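Novice: Following this message is one structure expressed as structure tokens.
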There are 2 protein chains.
Amino acid sequence: MAGSTSTRAQIVDAANRLFYEHGFEHTSFAAIAEAVGISRGNFYHHFKTKDEILIGVIEARLHSTRAMLAEWERDEPGPAERVRRFVEIVITNGADIENYGCPVGTLTNELAKLDHPARSQAVAVFELFRTWLREQFEALGFTVEADDLAMHVLAFSQGIATLSNAFHDGEFVQREVDRLHGWLDERLADHASPRSRR
Amino acid sequence: MAGSTSTRAQIVDAANRLFYEHGFEHTSFAAIAEAVGISRGNFYHHFKTKDEILIGVIEARLHSTRAMLAEWERDEPGPAERVRRFVEIVITNGADIENYGCPVGTLTNELAKLDHPARSQAVAVFELFRTWLREQFEALGFTVEADDLAMHVLAFSQGIATLSNAFHDGEFVQREVDRLHGWLDERLADHASPRSRR
DNA sequence: GTCTATAATCAGATAGAC
DNA sequence: GTCTATCTGATTATAGAC
């Protein structure tokens, strides 16, 4: 059982990486099998179809995302610091994002174009971030605006990721991250003594 | 010759649409041939390889983008209005973007993941927008900041497109577009009487 | 649980008739 | 310039031995 789980986990792990780097459709069973070091035949003992691997990969991403958000909550003292931690992802994962874009955004779009049934599950990873960010803004005292602010931070990050992938420009990423931090400063200041909404 | 050119144009047109809606790799010759109403064999009289069609599609996009930007320059009196016209694309093409994302961003990312030689040509479409936006900001009196502002507008739009595709939320798109217009207002006001940089 | 061998399908690409 | 017929290779998926 332990060996079986391990092989399954290795397959999901390799598929996760390959789906990210080369796309879901372009990644063949042979490539995953080679990465894990097993035969193609053995493969089907663990997953009957390619779609099943995709489901497994998305579930693994949901799991690791939840773990990461929980870690941020432990590490960072307050909600503002947690949002800033999120904003920094595009720098923390800068090299991967330059090469392959955001794993969430790019998979979601690929599945949308394939009209794939797992699309909604890929969107669920986005929803994890969205809800978590909304909760941070709520903890900062925002009520009706919290989801709007969460979506803005999410959208901003996606835009940075897409252009980082297109232009491979680390300075651009840093500038935009600084800009987003500045925007956050203003929202927090506005909320402390509100004058106008943006 | 007229018939030949027409068939070639029809192939590029159909491929352009299908590459956008279903992705480059997922689109088969059979699908393009069916869309145009010709046989697969005839296909190869016009394009020897699938990559050649991709080049043709990207060239068509470069051409139509240049035409669109030129049209905006004719239609809109000043550079500020032109930038706003760009910002509005995510609403003008709202339905397509909800379903398939931004054609430029999604193709660029797909080609990056495929490590495809035509990637740089896909990025050239981005560069067209970037340069054009930069020129508008330069016309508005910005000098060293012009490219930074252009990239910000571009990134913002990409972020909106990605989340529009993920969440299918038209109200979110409108809110973010309003926010970007607001940001532009501030930049223009700041530039007229500068106090701080953002 | 893992392997080799192989079936079934579909893709891109070619040859040659009209 | 367009067609039908076909080739070649890759991919998903299965069968069955160890």
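Letters for chains follow the order of the structure tokens (A, B, ...), residue numbers begin at 1 for each chain, and ligand numbers begin at 1 in the order shown.
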Could you work out which residues of chain B fall inside 9 Å of chain A? Count only C-alpha atoms, and format the result as a PyMOL selection string.

Specialist: chain B and resi 20-23+25-26+99-101+105-106+108-110+112-115+119-120+122-123+126-127+148+151-152+154-163+165-167+172+175-176+178-179+182-183+198

Novice: With C-alpha atoms retained, write the just-selected residues as a tab-separated table (two decimals), in the first residue's frame.

Specialist:
```
chain	number	residue	atom	x	y	z
B	20	TYR	CA	-8.05	31.31	-30.45
B	21	GLU	CA	-11.05	29.24	-29.41
B	22	HIS	CA	-9.42	25.84	-28.96
B	23	GLY	CA	-5.71	26.52	-28.86
B	25	GLU	CA	-2.11	22.44	-30.61
B	26	HIS	CA	-5.66	21.19	-30.12
B	99	ASN	CA	-14.95	32.29	-23.21
B	100	TYR	CA	-11.37	32.17	-24.46
B	101	GLY	CA	-9.32	34.85	-22.73
B	105	GLY	CA	-1.80	36.51	-23.98
B	106	THR	CA	-3.12	32.98	-24.37
B	108	THR	CA	1.95	33.66	-26.27
B	109	ASN	CA	1.70	31.44	-23.20
B	110	GLU	CA	0.79	28.34	-25.20
B	112	ALA	CA	6.02	29.42	-24.46
B	113	LYS	CA	4.93	26.08	-23.00
B	114	LEU	CA	5.44	24.35	-26.33
B	115	ASP	CA	8.86	26.00	-26.59
B	119	ARG	CA	6.85	32.44	-29.74
B	120	SER	CA	8.80	35.63	-30.40
B	122	ALA	CA	3.47	36.09	-31.01
B	123	VAL	CA	5.14	38.41	-28.52
B	126	PHE	CA	2.15	42.47	-27.55
B	127	GLU	CA	4.98	44.76	-28.58
B	148	ASP	CA	6.20	51.94	-17.63
B	151	MET	CA	3.17	48.20	-19.55
B	152	HIS	CA	0.91	48.88	-16.61
B	154	LEU	CA	-1.23	46.26	-20.74
B	155	ALA	CA	-0.75	44.19	-17.57
B	156	PHE	CA	-3.97	45.48	-16.07
B	157	SER	CA	-5.90	44.45	-19.18
B	158	GLN	CA	-4.31	41.01	-19.17
B	159	GLY	CA	-5.27	40.47	-15.54
B	160	ILE	CA	-8.87	41.44	-16.24
B	161	ALA	CA	-8.98	39.11	-19.25
B	162	THR	CA	-7.61	36.14	-17.30
B	163	LEU	CA	-10.08	36.50	-14.42
B	165	ASN	CA	-12.21	33.95	-18.46
B	166	ALA	CA	-12.03	32.15	-15.11
B	167	PHE	CA	-15.04	33.65	-13.33
B	172	PHE	CA	-15.97	42.49	-12.17
B	175	ARG	CA	-15.38	47.56	-11.99
B	176	GLU	CA	-11.76	46.97	-13.00
B	178	ASP	CA	-13.56	51.85	-14.09
B	179	ARG	CA	-10.64	51.47	-11.74
B	182	GLY	CA	-9.64	56.24	-12.47
B	183	TRP	CA	-5.95	55.43	-12.31
B	198	ARG	CA	2.77	56.00	-8.29
```

Novice: As a PyMOL selection string, could you give me every residue of chain A near chain D (at most 12 Å apart, counting only C-alpha atoms (C1' of nucleotides))?

Specialist: chain A and resi 25-31+40-45+47-51

Novice: For all heavy atoms, I'd like the residues from the last selection saved as a compact mmCIF listing (two decimals), in the first residue's frame.

Specialist:
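Once written, out-v8.txt looks like this:
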```
# COMPACT_ATOMS: atom_id res chain seq x y z
N GLU A 25 -2.50 19.22 -22.54
CA GLU A 25 -2.67 18.43 -23.76
C GLU A 25 -1.34 17.97 -24.35
O GLU A 25 -1.25 16.85 -24.85
CB GLU A 25 -3.44 19.23 -24.80
CG GLU A 25 -3.78 18.38 -26.01
CD GLU A 25 -4.96 18.93 -26.77
OE1 GLU A 25 -4.92 20.12 -27.12
OE2 GLU A 25 -5.93 18.18 -27.00
N HIS A 26 -0.35 18.82 -24.28
CA HIS A 26 0.93 18.49 -24.90
C HIS A 26 1.70 17.44 -24.11
O HIS A 26 2.62 16.82 -24.64
CB HIS A 26 1.78 19.76 -25.06
CG HIS A 26 3.05 19.55 -25.82
ND1 HIS A 26 3.05 19.21 -27.16
CD2 HIS A 26 4.34 19.61 -25.45
CE1 HIS A 26 4.31 19.09 -27.57
NE2 HIS A 26 5.11 19.32 -26.56
N THR A 27 1.35 17.24 -22.85
CA THR A 27 2.06 16.27 -22.02
C THR A 27 1.52 14.86 -22.27
O THR A 27 0.35 14.58 -22.06
CB THR A 27 1.90 16.62 -20.53
OG1 THR A 27 2.44 17.93 -20.30
CG2 THR A 27 2.64 15.61 -19.66
N SER A 28 2.38 13.98 -22.74
CA SER A 28 1.97 12.61 -23.04
C SER A 28 2.21 11.69 -21.84
O SER A 28 3.01 12.00 -20.95
CB SER A 28 2.74 12.07 -24.24
OG SER A 28 4.10 11.93 -23.90
N PHE A 29 1.50 10.57 -21.85
CA PHE A 29 1.72 9.55 -20.82
C PHE A 29 3.19 9.13 -20.81
O PHE A 29 3.78 8.92 -19.75
CB PHE A 29 0.86 8.32 -21.11
CG PHE A 29 -0.55 8.46 -20.64
CD1 PHE A 29 -1.17 9.68 -20.61
CD2 PHE A 29 -1.25 7.35 -20.20
CE1 PHE A 29 -2.47 9.81 -20.16
CE2 PHE A 29 -2.55 7.47 -19.74
CZ PHE A 29 -3.16 8.70 -19.73
N ALA A 30 3.74 8.99 -21.98
CA ALA A 30 5.13 8.55 -22.09
C ALA A 30 6.06 9.50 -21.35
O ALA A 30 6.98 9.06 -20.65
CB ALA A 30 5.53 8.46 -23.56
N ALA A 31 5.80 10.80 -21.48
CA ALA A 31 6.64 11.80 -20.82
C ALA A 31 6.54 11.69 -19.30
O ALA A 31 7.54 11.78 -18.59
CB ALA A 31 6.25 13.21 -21.29
N ARG A 40 4.80 2.63 -19.30
CA ARG A 40 3.48 3.16 -19.62
C ARG A 40 2.37 2.22 -19.15
O ARG A 40 1.30 2.65 -18.75
CB ARG A 40 3.35 3.38 -21.13
CG ARG A 40 3.78 4.74 -21.59
CD ARG A 40 3.94 4.78 -23.08
NE ARG A 40 5.02 3.90 -23.52
CZ ARG A 40 5.22 3.50 -24.76
NH1 ARG A 40 4.39 3.89 -25.71
NH2 ARG A 40 6.23 2.71 -25.06
N GLY A 41 2.66 0.92 -19.22
CA GLY A 41 1.67 -0.06 -18.80
C GLY A 41 1.31 0.08 -17.33
O GLY A 41 0.13 0.08 -16.96
N ASN A 42 2.31 0.20 -16.51
CA ASN A 42 2.12 0.35 -15.06
C ASN A 42 1.22 1.54 -14.75
O ASN A 42 0.42 1.52 -13.81
CB ASN A 42 3.48 0.53 -14.40
CG ASN A 42 3.38 0.55 -12.89
OD1 ASN A 42 2.32 0.32 -12.33
ND2 ASN A 42 4.48 0.80 -12.24
N PHE A 43 1.37 2.54 -15.56
CA PHE A 43 0.62 3.76 -15.45
C PHE A 43 -0.87 3.54 -15.22
O PHE A 43 -1.48 4.13 -14.31
CB PHE A 43 0.80 4.51 -16.76
CG PHE A 43 0.84 5.97 -16.54
CD1 PHE A 43 2.04 6.64 -16.57
CD2 PHE A 43 -0.31 6.64 -16.26
CE1 PHE A 43 2.08 8.00 -16.35
CE2 PHE A 43 -0.27 7.99 -16.03
CZ PHE A 43 0.93 8.67 -16.07
N TYR A 44 -1.41 2.68 -16.04
CA TYR A 44 -2.87 2.47 -16.05
C TYR A 44 -3.36 1.69 -14.84
O TYR A 44 -4.55 1.54 -14.64
CB TYR A 44 -3.29 1.81 -17.36
CG TYR A 44 -3.20 2.74 -18.52
CD1 TYR A 44 -2.00 2.91 -19.21
CD2 TYR A 44 -4.29 3.49 -18.91
CE1 TYR A 44 -1.91 3.80 -20.28
CE2 TYR A 44 -4.21 4.38 -19.97
CZ TYR A 44 -3.02 4.52 -20.65
OH TYR A 44 -2.94 5.41 -21.70
N HIS A 45 -2.42 1.18 -14.07
CA HIS A 45 -2.81 0.55 -12.82
C HIS A 45 -3.24 1.64 -11.82
O HIS A 45 -4.10 1.41 -10.97
CB HIS A 45 -1.65 -0.26 -12.24
CG HIS A 45 -1.96 -0.88 -10.92
ND1 HIS A 45 -2.81 -1.96 -10.80
CD2 HIS A 45 -1.59 -0.55 -9.67
CE1 HIS A 45 -2.91 -2.28 -9.53
NE2 HIS A 45 -2.19 -1.45 -8.83
N PHE A 47 -3.96 5.15 -12.85
CA PHE A 47 -4.93 6.07 -13.46
C PHE A 47 -5.47 5.47 -14.75
O PHE A 47 -4.69 5.11 -15.62
CB PHE A 47 -4.28 7.42 -13.74
CG PHE A 47 -3.83 8.15 -12.52
CD1 PHE A 47 -2.53 8.03 -12.07
CD2 PHE A 47 -4.72 8.95 -11.81
CE1 PHE A 47 -2.11 8.72 -10.93
CE2 PHE A 47 -4.31 9.63 -10.68
CZ PHE A 47 -3.00 9.51 -10.23
N LYS A 48 -6.76 5.37 -14.85
CA LYS A 48 -7.36 4.74 -16.03
C LYS A 48 -7.34 5.66 -17.25
O LYS A 48 -7.19 5.21 -18.37
CB LYS A 48 -8.80 4.30 -15.71
CG LYS A 48 -8.85 2.91 -15.05
CD LYS A 48 -10.27 2.47 -14.73
CE LYS A 48 -10.73 2.99 -13.39
NZ LYS A 48 -9.96 2.45 -12.23
N THR A 49 -7.49 6.96 -17.04
CA THR A 49 -7.49 7.90 -18.17
C THR A 49 -6.63 9.12 -17.85
O THR A 49 -6.28 9.37 -16.69
CB THR A 49 -8.92 8.40 -18.49
OG1 THR A 49 -9.36 9.22 -17.39
CG2 THR A 49 -9.89 7.24 -18.68
N LYS A 50 -6.33 9.86 -18.89
CA LYS A 50 -5.55 11.08 -18.71
C LYS A 50 -6.32 12.10 -17.87
O LYS A 50 -5.72 12.83 -17.08
CB LYS A 50 -5.20 11.68 -20.08
CG LYS A 50 -4.08 12.69 -20.03
CD LYS A 50 -3.75 13.21 -21.43
CE LYS A 50 -2.66 14.27 -21.36
NZ LYS A 50 -2.36 14.83 -22.71
N ASP A 51 -7.63 12.12 -18.05
CA ASP A 51 -8.45 13.05 -17.27
C ASP A 51 -8.37 12.76 -15.78
O ASP A 51 -8.44 13.68 -14.96
CB ASP A 51 -9.91 12.98 -17.74
CG ASP A 51 -10.10 13.62 -19.11
OD1 ASP A 51 -9.12 14.18 -19.63
OD2 ASP A 51 -11.21 13.55 -19.66
```

Novice: Might you pull out every residue within 12 Å of Ala146 of chain B, with only C-alpha atoms (C1' of nucleotides) counted and same-chain residues fewer than 4 positions away left off, and present them as a ChimeraX atom specification?

Specialist: /B:130-142,150-153,187-188,191

Novice: Could you give me, as CSV, every chain C residue with an atom at most 8 Å from chain B, plus its closest atom pair and distance in Å to one decimal, counting only C-alpha atoms (C1' of nucleotides), rows ordered by chain then number?

Specialist:
```
residue,atom,partner,partner_atom,distance
C:DA11,C1',B:Ser28,CA,7.4
C:DG12,C1',B:Lys50,CA,7.8
C:DA13,C1',B:Thr49,CA,7.8
```

Novice: Can you write just those residues out, N, CA, C and O atoms (P, O5', C5', C4', C3', O3' and C1' of nucleotides), as a PDB file, in the first residue's frame?

Specialist:
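Here's the written file part21.pdb:
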```pdb
ATOM      1  P    DA C  11      -7.467  14.071 -34.993  1.00  0.00           P
ATOM      2  O5'  DA C  11      -6.036  14.716 -35.249  1.00  0.00           O
ATOM      3  C5'  DA C  11      -5.152  14.922 -34.141  1.00  0.00           C
ATOM      4  C4'  DA C  11      -3.716  14.896 -34.638  1.00  0.00           C
ATOM      5  C3'  DA C  11      -3.503  15.659 -35.936  1.00  0.00           C
ATOM      6  O3'  DA C  11      -2.987  16.952 -35.641  1.00  0.00           O
ATOM      7  C1'  DA C  11      -2.492  13.480 -36.042  1.00  0.00           C
ATOM      8  P    DG C  12      -2.833  17.986 -36.835  1.00  0.00           P
ATOM      9  O5'  DG C  12      -1.481  17.530 -37.549  1.00  0.00           O
ATOM     10  C5'  DG C  12      -0.269  17.531 -36.820  1.00  0.00           C
ATOM     11  C4'  DG C  12       0.853  16.972 -37.686  1.00  0.00           C
ATOM     12  C3'  DG C  12       1.155  17.813 -38.926  1.00  0.00           C
ATOM     13  O3'  DG C  12       2.559  17.856 -39.145  1.00  0.00           O
ATOM     14  C1'  DG C  12       0.517  15.630 -39.593  1.00  0.00           C
ATOM     15  P    DA C  13       3.105  18.805 -40.351  1.00  0.00           P
ATOM     16  O5'  DA C  13       3.169  17.795 -41.572  1.00  0.00           O
ATOM     17  C5'  DA C  13       4.086  16.707 -41.529  1.00  0.00           C
ATOM     18  C4'  DA C  13       3.882  15.822 -42.749  1.00  0.00           C
ATOM     19  C3'  DA C  13       4.000  16.544 -44.097  1.00  0.00           C
ATOM     20  O3'  DA C  13       5.143  16.056 -44.783  1.00  0.00           O
ATOM     21  C1'  DA C  13       2.184  14.988 -44.047  1.00  0.00           C
TER      22       DA C  13
END
```

Novice: Mind giving me the straight-line distance from atom CA of Ala35 of chain A to atom CA of Glu71 of chain A in Å, one decimal?

Specialist: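 So the two atoms, atom CA of Ala35 of chain A and atom CA of Glu71 of chain A, lie 29.2 Å apart.
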
Novice: Just give me the gap between atom CA of Val125 of chain A and atom CA of Gln174 of chain A in Å, one decimal is fine.

Specialist: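 Interatomic distance here is 24.7 Å.
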
Novice: Just how far from atom CA of Val83 of chain A is atom CA of Ala60 of chain A, in Å to one decimal?

Specialist: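 Distance between the two atoms: 23.0 Å.
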
Novice: Based on DSSP run over this structure's backbone, return all residues of segment 2-185 of chain B in alpha helix (DSSP H), as a ChimeraX atom specification.

Specialist: /B:2-22,29-36,40-46,50-75,79-87,89-92,94-100,103-113,119-139,146-167,170-185
